[in-house]
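Quick look at protein-v3.json (JSON, C-alpha atoms):
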[["chain", "number", "residue", "atom", "x", "y", "z"],
["A", 1, "MET", "CA", -19.19, -8.46, -49.67],
["A", 2, "SER", "CA", -20.78, -10.92, -47.28],
["A", 3, "SER", "CA", -19.17, -14.29, -46.61],
["A", 4, "THR", "CA", -22.21, -16.02, -48.13],
["A", 5, "ALA", "CA", -22.55, -14.30, -51.49],
["A", 6, "GLY", "CA", -25.87, -15.48, -52.90],
["A", 7, "ASN", "CA", -25.99, -18.01, -50.05],
["A", 8, "LYS", "CA", -22.80, -19.61, -51.34],
["A", 9, "LYS", "CA", -19.95, -19.63, -48.86],
["A", 10, "LEU", "CA", -16.86, -17.92, -50.21],
["A", 11, "ILE", "CA", -13.69, -19.99, -49.82],
["A", 12, "ALA", "CA", -10.23, -18.51, -50.42],
["A", 13, "VAL", "CA", -7.71, -21.05, -51.71],
["A", 14, "ILE", "CA", -3.98, -20.47, -51.32],
["A", 15, "GLY", "CA", -1.79, -22.45, -53.70],
["A", 16, "SER", "CA", -4.59, -22.66, -56.26],
["A", 17, "THR", "CA", -2.16, -23.10, -59.16],
["A", 18, "GLY", "CA", -0.52, -26.19, -57.59],
["A", 19, "GLN", "CA", -1.63, -29.84, -57.60],
["A", 20, "GLN", "CA", -3.19, -29.69, -54.11],
["A", 21, "GLY", "CA", -4.79, -26.29, -54.36],
["A", 22, "GLY", "CA", -5.93, -26.91, -57.92],
["A", 23, "GLY", "CA", -7.77, -30.03, -56.81],
["A", 24, "VAL", "CA", -9.35, -28.05, -53.98],
["A", 25, "VAL", "CA", -10.56, -25.34, -56.38],
["A", 26, "ARG", "CA", -12.13, -27.94, -58.70],
["A", 27, "ALA", "CA", -13.84, -29.86, -55.87],
["A", 28, "LEU", "CA", -15.29, -26.67, -54.37],
["A", 29, "GLN", "CA", -16.53, -25.55, -57.77],
["A", 30, "ALA", "CA", -18.17, -28.93, -58.34],
["A", 31, "SER", "CA", -20.22, -28.38, -55.17],
["A", 32, "SER", "CA", -23.16, -26.00, -55.31],
["A", 33, "GLU", "CA", -22.41, -24.73, -51.79],
["A", 34, "PHE", "CA", -19.29, -22.70, -52.48],
["A", 35, "LYS", "CA", -17.90, -19.80, -54.39],
["A", 36, "VAL", "CA", -14.14, -19.95, -54.94],
["A", 37, "ARG", "CA", -11.65, -17.14, -54.62],
["A", 38, "ALA", "CA", -8.43, -18.48, -56.12],
["A", 39, "LEU", "CA", -5.36, -16.75, -54.74],
["A", 40, "SER", "CA", -2.26, -16.39, -56.89],
["A", 41, "ARG", "CA", 0.90, -14.33, -56.98],
["A", 42, "ASN", "CA", 0.16, -13.68, -60.68],
["A", 43, "PRO", "CA", -3.62, -13.42, -60.98],
["A", 44, "GLY", "CA", -3.33, -12.05, -64.53],
["A", 45, "LYS", "CA", -1.96, -15.42, -65.68],
["A", 46, "HIS", "CA", -4.77, -17.44, -64.15],
["A", 47, "ARG", "CA", -7.94, -15.49, -64.89],
["A", 48, "ASP", "CA", -10.20, -18.56, -65.15],
["A", 49, "LEU", "CA", -9.02, -20.33, -62.04],
["A", 50, "GLY", "CA", -11.91, -19.52, -59.69],
["A", 51, "ASP", "CA", -15.09, -17.46, -59.47],
["A", 52, "GLU", "CA", -12.73, -14.70, -58.40],
["A", 53, "VAL", "CA", -8.95, -14.57, -58.86],
["A", 54, "VAL", "CA", -7.16, -12.31, -56.40],
["A", 55, "GLN", "CA", -3.52, -11.53, -55.84],
["A", 56, "ALA", "CA", -1.94, -12.94, -52.68],
["A", 57, "ASP", "CA", 1.66, -13.64, -51.78],
["A", 58, "LEU", "CA", 2.58, -15.44, -48.55],
["A", 59, "GLU", "CA", 5.87, -13.54, -48.59],
["A", 60, "ARG", "CA", 3.94, -10.25, -48.51],
["A", 61, "PRO", "CA", 1.50, -10.41, -45.57],
["A", 62, "ASP", "CA", 0.03, -7.02, -46.57],
["A", 63, "THR", "CA", -1.58, -8.75, -49.60],
["A", 64, "LEU", "CA", -3.37, -11.30, -47.42],
["A", 65, "ASN", "CA", -5.89, -9.06, -45.65],
["A", 66, "ALA", "CA", -7.67, -8.11, -48.86],
["A", 67, "ALA", "CA", -7.34, -11.69, -50.14],
["A", 68, "PHE", "CA", -9.29, -13.04, -47.16],
["A", 69, "GLU", "CA", -11.79, -10.17, -46.86],
["A", 70, "GLY", "CA", -15.33, -11.54, -46.70],
["A", 71, "ALA", "CA", -14.23, -15.18, -46.94],
["A", 72, "HIS", "CA", -16.04, -17.81, -44.88],
["A", 73, "GLY", "CA", -13.20, -20.31, -45.21],
["A", 74, "VAL", "CA", -9.52, -20.52, -46.14],
["A", 75, "PHE", "CA", -7.52, -23.48, -47.43],
["A", 76, "LEU", "CA", -3.77, -23.16, -46.94],
["A", 77, "VAL", "CA", -0.89, -25.21, -48.34],
["A", 78, "THR", "CA", 2.75, -24.07, -48.36],
["A", 79, "ASN", "CA", 5.58, -25.33, -50.57],
["A", 80, "PHE", "CA", 8.60, -26.64, -48.64],
["A", 81, "TRP", "CA", 10.55, -27.36, -51.83],
["A", 82, "GLU", "CA", 10.42, -23.79, -53.13],
["A", 83, "GLN", "CA", 13.82, -22.14, -52.64],
["A", 84, "GLY", "CA", 14.00, -20.02, -49.49],
["A", 85, "THR", "CA", 10.55, -20.86, -48.13],
["A", 86, "ASP", "CA", 9.97, -20.34, -44.40],
["A", 87, "GLU", "CA", 6.75, -22.31, -43.96],
["A", 88, "LEU", "CA", 6.21, -21.33, -40.32],
["A", 89, "LYS", "CA", 6.53, -17.64, -41.14],
["A", 90, "GLN", "CA", 4.25, -17.92, -44.20],
["A", 91, "ALA", "CA", 1.58, -19.95, -42.42],
["A", 92, "THR", "CA", 1.62, -17.73, -39.34],
["A", 93, "ALA", "CA", 1.05, -14.67, -41.55],
["A", 94, "ALA", "CA", -1.84, -16.44, -43.29],
["A", 95, "VAL", "CA", -3.43, -17.57, -40.01],
["A", 96, "ARG", "CA", -3.16, -14.07, -38.54],
["A", 97, "ALA", "CA", -4.64, -12.40, -41.63],
["A", 98, "ALA", "CA", -7.48, -14.95, -41.80],
["A", 99, "ARG", "CA", -8.33, -14.42, -38.16],
["A", 100, "ASP", "CA", -8.28, -10.63, -38.58],
["A", 101, "ALA", "CA", -10.58, -10.94, -41.60],
["A", 102, "GLY", "CA", -13.13, -12.90, -39.55],
["A", 103, "VAL", "CA", -12.68, -16.22, -41.39],
["A", 104, "LYS", "CA", -14.79, -18.92, -39.71],
["A", 105, "HIS", "CA", -13.23, -22.16, -40.98],
["A", 106, "PHE", "CA", -9.50, -22.62, -41.61],
["A", 107, "ILE", "CA", -8.17, -25.79, -43.27],
["A", 108, "TRP", "CA", -4.44, -26.42, -43.17],
["A", 109, "SER", "CA", -2.66, -29.08, -45.27],
["A", 110, "THR", "CA", -0.21, -30.63, -42.84],
["A", 111, "LEU", "CA", 1.99, -33.73, -42.56],
["A", 112, "PRO", "CA", 2.76, -36.18, -39.72],
["A", 113, "ASP", "CA", 5.17, -34.99, -37.02],
["A", 114, "ALA", "CA", 7.97, -37.46, -37.83],
["A", 115, "GLU", "CA", 10.10, -36.12, -34.99],
["A", 116, "ALA", "CA", 7.43, -36.59, -32.32],
["A", 117, "ILE", "CA", 6.29, -39.95, -33.73],
["A", 118, "SER", "CA", 9.86, -41.30, -33.73],
["A", 119, "GLY", "CA", 10.80, -39.79, -30.36],
["A", 120, "GLY", "CA", 13.35, -37.51, -32.01],
["A", 121, "LYS", "CA", 15.10, -40.28, -33.97],
["A", 122, "PHE", "CA", 14.14, -39.05, -37.46],
["A", 123, "HIS", "CA", 14.42, -35.48, -38.70],
["A", 124, "VAL", "CA", 12.23, -35.24, -41.79],
["A", 125, "HIS", "CA", 12.11, -31.48, -42.12],
["A", 126, "HIS", "CA", 9.34, -31.23, -44.70],
["A", 127, "PHE", "CA", 7.07, -33.38, -42.47],
["A", 128, "THR", "CA", 7.89, -31.89, -39.08],
["A", 129, "GLY", "CA", 8.02, -28.32, -40.37],
["A", 130, "LYS", "CA", 4.38, -28.56, -41.44],
["A", 131, "ALA", "CA", 3.34, -30.39, -38.25],
["A", 132, "LYS", "CA", 4.74, -27.54, -36.13],
["A", 133, "ILE", "CA", 2.21, -25.20, -37.76],
["A", 134, "ASP", "CA", -0.75, -27.26, -36.46],
["A", 135, "ARG", "CA", -0.43, -25.55, -33.10],
["A", 136, "VAL", "CA", -0.52, -22.08, -34.66],
["A", 137, "VAL", "CA", -3.82, -23.01, -36.35],
["A", 138, "LYS", "CA", -5.25, -24.61, -33.17],
["A", 139, "GLU", "CA", -4.41, -21.63, -31.00],
["A", 140, "ALA", "CA", -5.76, -19.00, -33.41],
["A", 141, "GLY", "CA", -9.31, -19.52, -32.14],
["A", 142, "PHE", "CA", -11.19, -20.04, -35.40],
["A", 143, "VAL", "CA", -14.80, -21.16, -35.01],
["A", 144, "ASN", "CA", -13.77, -24.24, -37.01],
["A", 145, "HIS", "CA", -10.43, -25.65, -38.08],
["A", 146, "THR", "CA", -9.52, -28.89, -39.83],
["A", 147, "PHE", "CA", -6.27, -30.60, -40.79],
["A", 148, "VAL", "CA", -5.89, -32.53, -44.04],
["A", 149, "ILE", "CA", -2.87, -34.75, -44.68],
["A", 150, "ALA", "CA", -1.45, -35.34, -48.15],
["A", 151, "PRO", "CA", -0.07, -38.85, -48.74],
["A", 152, "MET", "CA", 2.80, -39.78, -51.02],
["A", 153, "TYR", "CA", 1.50, -38.49, -54.34],
["A", 154, "TYR", "CA", 0.99, -41.12, -57.04],
["A", 155, "GLN", "CA", 2.15, -38.21, -59.21],
["A", 156, "ALA", "CA", 5.60, -38.37, -57.58],
["A", 157, "LEU", "CA", 6.17, -41.73, -59.29],
["A", 158, "VAL", "CA", 6.11, -40.00, -62.69],
["A", 159, "GLY", "CA", 7.77, -36.86, -61.27],
["A", 160, "ALA", "CA", 10.44, -36.41, -58.60],
["A", 161, "LEU", "CA", 10.48, -40.14, -57.78],
["A", 162, "ALA", "CA", 10.16, -41.50, -61.31],
["A", 163, "PRO", "CA", 12.12, -44.67, -62.11],
["A", 164, "GLN", "CA", 15.47, -43.90, -63.76],
["A", 165, "LYS", "CA", 17.08, -45.36, -66.85],
["A", 166, "GLN", "CA", 19.56, -48.05, -65.79],
["A", 167, "ALA", "CA", 22.86, -48.97, -67.49],
["A", 168, "ASP", "CA", 21.15, -51.67, -69.58],
["A", 169, "GLY", "CA", 18.52, -49.24, -70.82],
["A", 170, "THR", "CA", 15.68, -50.53, -68.63],
["A", 171, "LEU", "CA", 13.82, -48.45, -66.07],
["A", 172, "GLY", "CA", 14.27, -49.01, -62.37],
["A", 173, "TRP", "CA", 14.05, -47.51, -58.91],
["A", 174, "VAL", "CA", 17.24, -47.34, -56.86],
["A", 175, "LEU", "CA", 16.23, -46.26, -53.36],
["A", 176, "PRO", "CA", 17.26, -46.79, -49.72],
["A", 177, "LEU", "CA", 13.90, -48.31, -48.74],
["A", 178, "ASP", "CA", 13.19, -51.97, -48.00],
["A", 179, "PRO", "CA", 10.82, -52.86, -50.86],
["A", 180, "THR", "CA", 9.10, -55.61, -48.87],
["A", 181, "VAL", "CA", 7.64, -53.40, -46.14],
["A", 182, "GLN", "CA", 4.11, -52.12, -46.57],
["A", 183, "VAL", "CA", 4.55, -48.57, -45.27],
["A", 184, "ILE", "CA", 3.53, -46.15, -48.04],
["A", 185, "HIS", "CA", 0.21, -44.33, -47.67],
["A", 186, "MET", "CA", -0.42, -43.09, -51.22],
["A", 187, "GLY", "CA", -3.02, -41.21, -53.20],
["A", 188, "ASP", "CA", -3.90, -39.11, -56.23],
["A", 189, "ILE", "CA", -3.19, -35.65, -54.82],
["A", 190, "THR", "CA", -5.80, -33.99, -57.03],
["A", 191, "GLU", "CA", -8.42, -35.89, -54.95],
["A", 192, "LEU", "CA", -7.46, -34.11, -51.72],
["A", 193, "GLY", "CA", -9.97, -31.48, -52.83],
["A", 194, "ASN", "CA", -12.87, -33.87, -52.22],
["A", 195, "ILE", "CA", -11.88, -34.11, -48.54],
["A", 196, "VAL", "CA", -11.41, -30.34, -48.24],
["A", 197, "ALA", "CA", -14.78, -29.57, -49.84],
["A", 198, "GLY", "CA", -16.41, -32.19, -47.59],
["A", 199, "ALA", "CA", -14.81, -30.64, -44.52],
["A", 200, "PHE", "CA", -16.02, -27.13, -45.42],
["A", 201, "ALA", "CA", -19.51, -28.63, -45.93],
["A", 202, "HIS", "CA", -19.51, -30.55, -42.59],
["A", 203, "PRO", "CA", -17.82, -28.36, -39.96],
["A", 204, "ASP", "CA", -20.07, -29.92, -37.31],
["A", 205, "GLU", "CA", -18.40, -33.30, -37.94],
["A", 206, "VAL", "CA", -14.80, -32.36, -38.74],
["A", 207, "GLY", "CA", -14.35, -28.71, -37.77],
["A", 208, "HIS", "CA", -12.79, -29.32, -34.35],
["A", 209, "GLY", "CA", -9.21, -30.09, -35.31],
["A", 210, "GLU", "CA", -9.81, -33.50, -36.88],
["A", 211, "TYR", "CA", -7.05, -34.97, -39.05],
["A", 212, "LEU", "CA", -8.20, -36.19, -42.46],
["A", 213, "PRO", "CA", -5.61, -38.05, -44.55],
["A", 214, "LEU", "CA", -6.08, -38.81, -48.23],
["A", 215, "VAL", "CA", -5.21, -42.49, -48.72],
["A", 216, "GLY", "CA", -6.07, -44.32, -51.92],
["A", 217, "ASP", "CA", -3.68, -47.20, -51.30],
["A", 218, "PHE", "CA", -1.24, -48.57, -48.74],
["A", 219, "MET", "CA", 1.64, -50.38, -50.41],
["A", 220, "SER", "CA", 5.20, -51.62, -50.38],
["A", 221, "PHE", "CA", 7.54, -50.70, -53.22],
["A", 222, "ASN", "CA", 7.44, -54.32, -54.40],
["A", 223, "GLU", "CA", 3.65, -54.01, -54.71],
["A", 224, "ILE", "CA", 4.05, -50.78, -56.70],
["A", 225, "VAL", "CA", 6.50, -52.50, -59.06],
["A", 226, "GLU", "CA", 4.32, -55.62, -59.38],
["A", 227, "THR", "CA", 1.24, -53.51, -60.13],
["A", 228, "LEU", "CA", 3.04, -51.64, -62.90],
["A", 229, "ASN", "CA", 4.67, -54.73, -64.37],
["A", 230, "ARG", "CA", 1.28, -56.47, -64.52],
["A", 231, "GLN", "CA", 0.18, -53.50, -66.64],
["A", 232, "GLY", "CA", 2.96, -54.17, -69.16],
["A", 233, "HIS", "CA", 5.93, -52.30, -67.72],
["A", 234, "HIS", "CA", 9.38, -53.80, -67.10],
["A", 235, "ILE", "CA", 10.53, -51.89, -64.05],
["A", 236, "SER", "CA", 13.06, -53.11, -61.48],
["A", 237, "TYR", "CA", 13.80, -52.13, -57.89],
["A", 238, "LYS", "CA", 17.17, -52.11, -56.18],
["A", 239, "GLN", "CA", 17.70, -51.22, -52.54],
["A", 240, "VAL", "CA", 20.85, -49.21, -51.83],
["A", 241, "PRO", "CA", 22.45, -48.06, -48.56],
["A", 242, "LYS", "CA", 21.04, -44.88, -47.10],
["A", 243, "GLU", "CA", 24.53, -43.35, -46.84],
["A", 244, "SER", "CA", 25.36, -43.57, -50.55],
["A", 245, "PHE", "CA", 21.88, -42.45, -51.65],
["A", 246, "ALA", "CA", 21.91, -39.44, -49.31],
["A", 247, "VAL", "CA", 24.82, -37.81, -51.15],
["A", 248, "SER", "CA", 23.68, -38.69, -54.69],
["A", 249, "PHE", "CA", 21.82, -35.43, -55.51],
["A", 250, "PRO", "CA", 20.60, -32.22, -53.77],
["A", 251, "GLY", "CA", 17.65, -33.05, -51.51],
["A", 252, "ALA", "CA", 18.54, -36.78, -51.40],
["A", 253, "ALA", "CA", 19.44, -36.71, -47.69],
["A", 254, "GLU", "CA", 15.95, -35.43, -46.84],
["A", 255, "LEU", "CA", 14.38, -38.24, -48.89],
["A", 256, "ALA", "CA", 16.66, -40.89, -47.37],
["A", 257, "GLU", "CA", 15.66, -39.78, -43.87],
["A", 258, "MET", "CA", 11.99, -39.86, -44.89],
["A", 259, "PHE", "CA", 12.32, -43.44, -46.17],
["A", 260, "SER", "CA", 13.93, -44.50, -42.87],
["A", 261, "TYR", "CA", 11.06, -42.90, -40.98],
["A", 262, "TRP", "CA", 8.51, -44.71, -43.18],
["A", 263, "GLU", "CA", 10.27, -48.03, -42.60],
["A", 264, "ALA", "CA", 10.07, -47.58, -38.85],
["A", 265, "HIS", "CA", 6.63, -45.97, -38.53],
["A", 266, "THR", "CA", 4.81, -45.93, -41.95],
["A", 267, "TYR", "CA", 4.07, -42.69, -43.80],
["A", 268, "LEU", "CA", 1.23, -41.61, -41.47],
["A", 269, "GLY", "CA", 3.15, -42.79, -38.43],
["A", 270, "SER", "CA", 0.54, -45.02, -36.83],
["A", 271, "ASN", "CA", -2.58, -47.02, -37.42],
["A", 272, "SER", "CA", -4.72, -44.39, -39.09],
["A", 273, "SER", "CA", -7.66, -46.53, -40.20],
["A", 274, "ASP", "CA", -10.21, -44.47, -38.22],
["A", 275, "ARG", "CA", -8.93, -41.20, -39.69],
["A", 276, "ILE", "CA", -8.89, -42.66, -43.20],
["A", 277, "ALA", "CA", -12.46, -43.94, -42.82],
["A", 278, "LEU", "CA", -13.63, -40.51, -41.61],
["A", 279, "SER", "CA", -11.85, -38.80, -44.56],
["A", 280, "ASN", "CA", -13.55, -41.07, -47.08],
["A", 281, "LYS", "CA", -16.92, -40.52, -45.43],
["A", 282, "ILE", "CA", -16.49, -36.74, -45.50],
["A", 283, "ALA", "CA", -15.25, -36.84, -49.13],
["A", 284, "GLY", "CA", -18.32, -38.90, -50.03],
["A", 285, "ARG", "CA", -16.29, -41.33, -52.12],
["A", 286, "GLN", "CA", -13.40, -43.79, -52.04],
["A", 287, "PRO", "CA", -10.16, -42.36, -53.42],
["A", 288, "SER", "CA", -8.62, -43.95, -56.53],
["A", 289, "LYS", "CA", -6.49, -47.06, -56.14],
["A", 290, "PHE", "CA", -2.95, -46.93, -57.48],
["A", 291, "SER", "CA", -3.62, -49.52, -60.19],
["A", 292, "THR", "CA", -6.56, -47.47, -61.53],
["A", 293, "TRP", "CA", -4.53, -44.26, -61.54],
["A", 294, "ALA", "CA", -1.45, -45.90, -63.11],
["A", 295, "ARG", "CA", -3.39, -47.32, -66.06],
["A", 296, "VAL", "CA", -4.12, -43.76, -67.17],
["A", 297, "HIS", "CA", -1.10, -41.80, -65.93],
["A", 298, "PHE", "CA", 1.79, -44.27, -66.16],
["A", 299, "PRO", "CA", 1.81, -45.06, -69.88],
["A", 300, "VAL", "CA", 3.67, -48.21, -70.97],
["A", 301, "GLN", "CA", 6.81, -47.26, -72.93],
["A", 302, "ALA", "CA", 7.14, -48.95, -76.31],
["A", 303, "PRO", "CA", 10.34, -51.05, -76.26]]

Can the structure in the file be given as structure tokens, please?
Amino acid sequence: MSSTAGNKKLIAVIGSTGQQGGGVVRALQASSEFKVRALSRNPGKHRDLGDEVVQADLERPDTLNAAFEGAHGVFLVTNFWEQGTDELKQATAAVRAARDAGVKHFIWSTLPDAEAISGGKFHVHHFTGKAKIDRVVKEAGFVNHTFVIAPMYYQALVGALAPQKQADGTLGWVLPLDPTVQVIHMGDITELGNIVAGAFAHPDEVGHGEYLPLVGDFMSFNEIVETLNRQGHHISYKQVPKESFAVSFPGAAELAEMFSYWEAHTYLGSNSSDRIALSNKIAGRQPSKFSTWARVHFPVQAP
């Protein structure tokens, strides 16, 4: 099968059942330029995901060659939080298989290198682990490669970072982050797909290792709380010491370190206005603001 079946470029999407990959599949399908091959460990469960659904498992590199066969482009995201994941090993296998299959454009979903940005002061493993893979992608020699950066998901605020019930029955956040500092680059993760589809469509502009972050809003936690409370919520925020938070549940130490890094350097680690502007241009639209997203996805609880 040629990489431009019926003049549509075939794009293979890894992680197509997740929030990032799912958004990528939908954005590619919405464009008339692409045909989507959704990759899944259990293709039988997800028959309607793409134009084609093919089995692929990053833990089994032998499945990747067939998965990438005839593809013009590949989108890759790995899941740090999945038990036992070695992202460098998984991504290296995917890069190698894509290169061997003759893939022209490789897009990798990365994160800022917190260690490099902070001169070694902060060790945010799920950021730096992804950043270390950038070099593997750069050195592979694809005709085109692009990096996209996921922000803090708005979705996290109703998921892993949802406000907790307090002793008095109200909802509140209890976190080791100064709520007054504007450091959080945020976005609706399902909209990352618009940037990815735009990048596959414009390799001449962003196919040379450009970094394209998705940023719908840039806020402090106080601004998040104020936005929600204006919409009828009654949510509080309490800052707690990093040390006590870090031991409060499994994975808390990683989050505490991430918040310290944000406080010192912001989520993206530097003034990223040029990169954000380029992302929005390539996506062809402005990403949703937090207030817009919250009205729909953060329903007000009846008292």

Residue contacts of Gln182 in chain A (8 Å, all atoms listed in the file) excluding same-chain residues fewer than 6 positions away, as a CSV table (one decimal) with C-alpha atoms, keeping the file's coordinate frame:
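File produced: selection.csv:
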chain,number,residue,atom,x,y,z
A,218,PHE,CA,-1.2,-48.6,-48.7
A,219,MET,CA,1.6,-50.4,-50.4
A,220,SER,CA,5.2,-51.6,-50.4
A,221,PHE,CA,7.5,-50.7,-53.2
A,266,THR,CA,4.8,-45.9,-42.0

Leaving out range 80-91 of chain A and any residue of its chain fewer than 5 positions from it, which residues lie within 12 Å of it when counting only C-alpha atoms, given as a VMD selection string? chain A and resid 14 56 to 62 64 74 to 75 96 to 98 106 to 111 124 to 137 140 160 250 to 251 254 to 255

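Around the coordinate (-18.3, -19.0, -51.9), residues that reach within 9 Å when counting only C-alpha atoms are A:Ser3, A:Thr4, A:Ala5, A:Gly6, A:Asn7, A:Lys8, A:Lys9, A:Leu10, A:Ile11, A:Ala12, A:Leu28, A:Gln29, A:Glu33, A:Phe34, A:Lys35, A:Val36, A:Arg37, A:Asp51, A:Ala71, A:His72, A:Gly73.
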
Same residues, C-alpha atoms, saved as a PDB file, in the frame of the given file:
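Listing of part_9.pdb after writing:
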ATOM      1  CA  SER A   3     -19.170 -14.290 -46.610  1.00  0.00           C
ATOM      2  CA  THR A   4     -22.210 -16.020 -48.130  1.00  0.00           C
ATOM      3  CA  ALA A   5     -22.550 -14.300 -51.490  1.00  0.00           C
ATOM      4  CA  GLY A   6     -25.870 -15.480 -52.900  1.00  0.00           C
ATOM      5  CA  ASN A   7     -25.990 -18.010 -50.050  1.00  0.00           C
ATOM      6  CA  LYS A   8     -22.800 -19.610 -51.340  1.00  0.00           C
ATOM      7  CA  LYS A   9     -19.950 -19.630 -48.860  1.00  0.00           C
ATOM      8  CA  LEU A  10     -16.860 -17.920 -50.210  1.00  0.00           C
ATOM      9  CA  ILE A  11     -13.690 -19.990 -49.820  1.00  0.00           C
ATOM     10  CA  ALA A  12     -10.230 -18.510 -50.420  1.00  0.00           C
ATOM     11  CA  LEU A  28     -15.290 -26.670 -54.370  1.00  0.00           C
ATOM     12  CA  GLN A  29     -16.530 -25.550 -57.770  1.00  0.00           C
ATOM     13  CA  GLU A  33     -22.410 -24.730 -51.790  1.00  0.00           C
ATOM     14  CA  PHE A  34     -19.290 -22.700 -52.480  1.00  0.00           C
ATOM     15  CA  LYS A  35     -17.900 -19.800 -54.390  1.00  0.00           C
ATOM     16  CA  VAL A  36     -14.140 -19.950 -54.940  1.00  0.00           C
ATOM     17  CA  ARG A  37     -11.650 -17.140 -54.620  1.00  0.00           C
ATOM     18  CA  ASP A  51     -15.090 -17.460 -59.470  1.00  0.00           C
ATOM     19  CA  ALA A  71     -14.230 -15.180 -46.940  1.00  0.00           C
ATOM     20  CA  HIS A  72     -16.040 -17.810 -44.880  1.00  0.00           C
ATOM     21  CA  GLY A  73     -13.200 -20.310 -45.210  1.00  0.00           C
TER      22      GLY A  73
END

Which of A:Leu192, A:Met152, A:Ala199, A:Ile235 sits closest to Asp217 in chain A [using only C-alpha atoms]: A:Met152

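For the pair CA of Ser244 in chain A and CA of Gly159 in chain A, the interatomic distance is 21.7 Å.
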
Please measure the separation of CA of Ser16 in chain A and CA of Glu210 in chain A, giving the value in Å to one decimal. 22.8 Å

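The neighbours of Thr190 in chain A here are the residues that come within 10 Å of it, using only C-alpha atoms and leaving out any residue fewer than 4 positions away in the same chain; they are Gly18, Gln19, Gln20, Gly21, Gly22, Gly23, Val24, Val25, Arg26, Ala27, Ala150, Tyr153, Tyr154, Gln155 and Asn194 of chain A.
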
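Ranking A:Val181, A:Ile195, A:Leu278, A:Val300 by their shortest atom-to-atom distance to His233 in chain A, with all atoms listed in the file included, puts A:Val300 first.
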
Just checking: using all atoms listed in the file, which residue out of A:Thr92, A:Lys45, A:Asn144, A:Glu115 ends up closest to Thr78 in chain A? A:Thr92

Quick one: pull the distance between CA of Ala294 in chain A and CA of Pro179 in chain A, Å, one decimal. 18.7 Å

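Minimum atom-to-atom distances from A:Pro203, A:Pro241, A:Gly172, A:Gly120 to His105 in chain A were compared using all atoms listed in the file, and the lowest value belongs to A:Pro203.
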
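Minimum distance to Ala264 in chain A across A:Glu139, A:Asp178, A:Glu191, A:Glu243 (counting all atoms listed in the file) occurs at A:Asp178.
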
Which one is closest to Ala246 in chain A: A:Pro176, A:Gly169, A:Asp274, A:Phe122? Count only C-alpha atoms. A:Pro176

Around the point (9.2, -44.4, -65.4) (coordinates from the file), which residues reach within 9 Å if we count only C-alpha atoms? Answer as a PyMOL selection string. chain A and resi 157-159+161-165+171-173+233+235+298-301

Would you compute the box with edges along x, y and z of the file around range 285-302 of chain A, including every atom the file lists for it and 8 Å extra on each side, and give its centre and edge lengths in Å to one decimal, as AutoDock Vina command-line options?
--center_x -4.6 --center_y -45.4 --center_z -64.2 --size_x 39.4 --size_y 24.2 --size_z 40.3
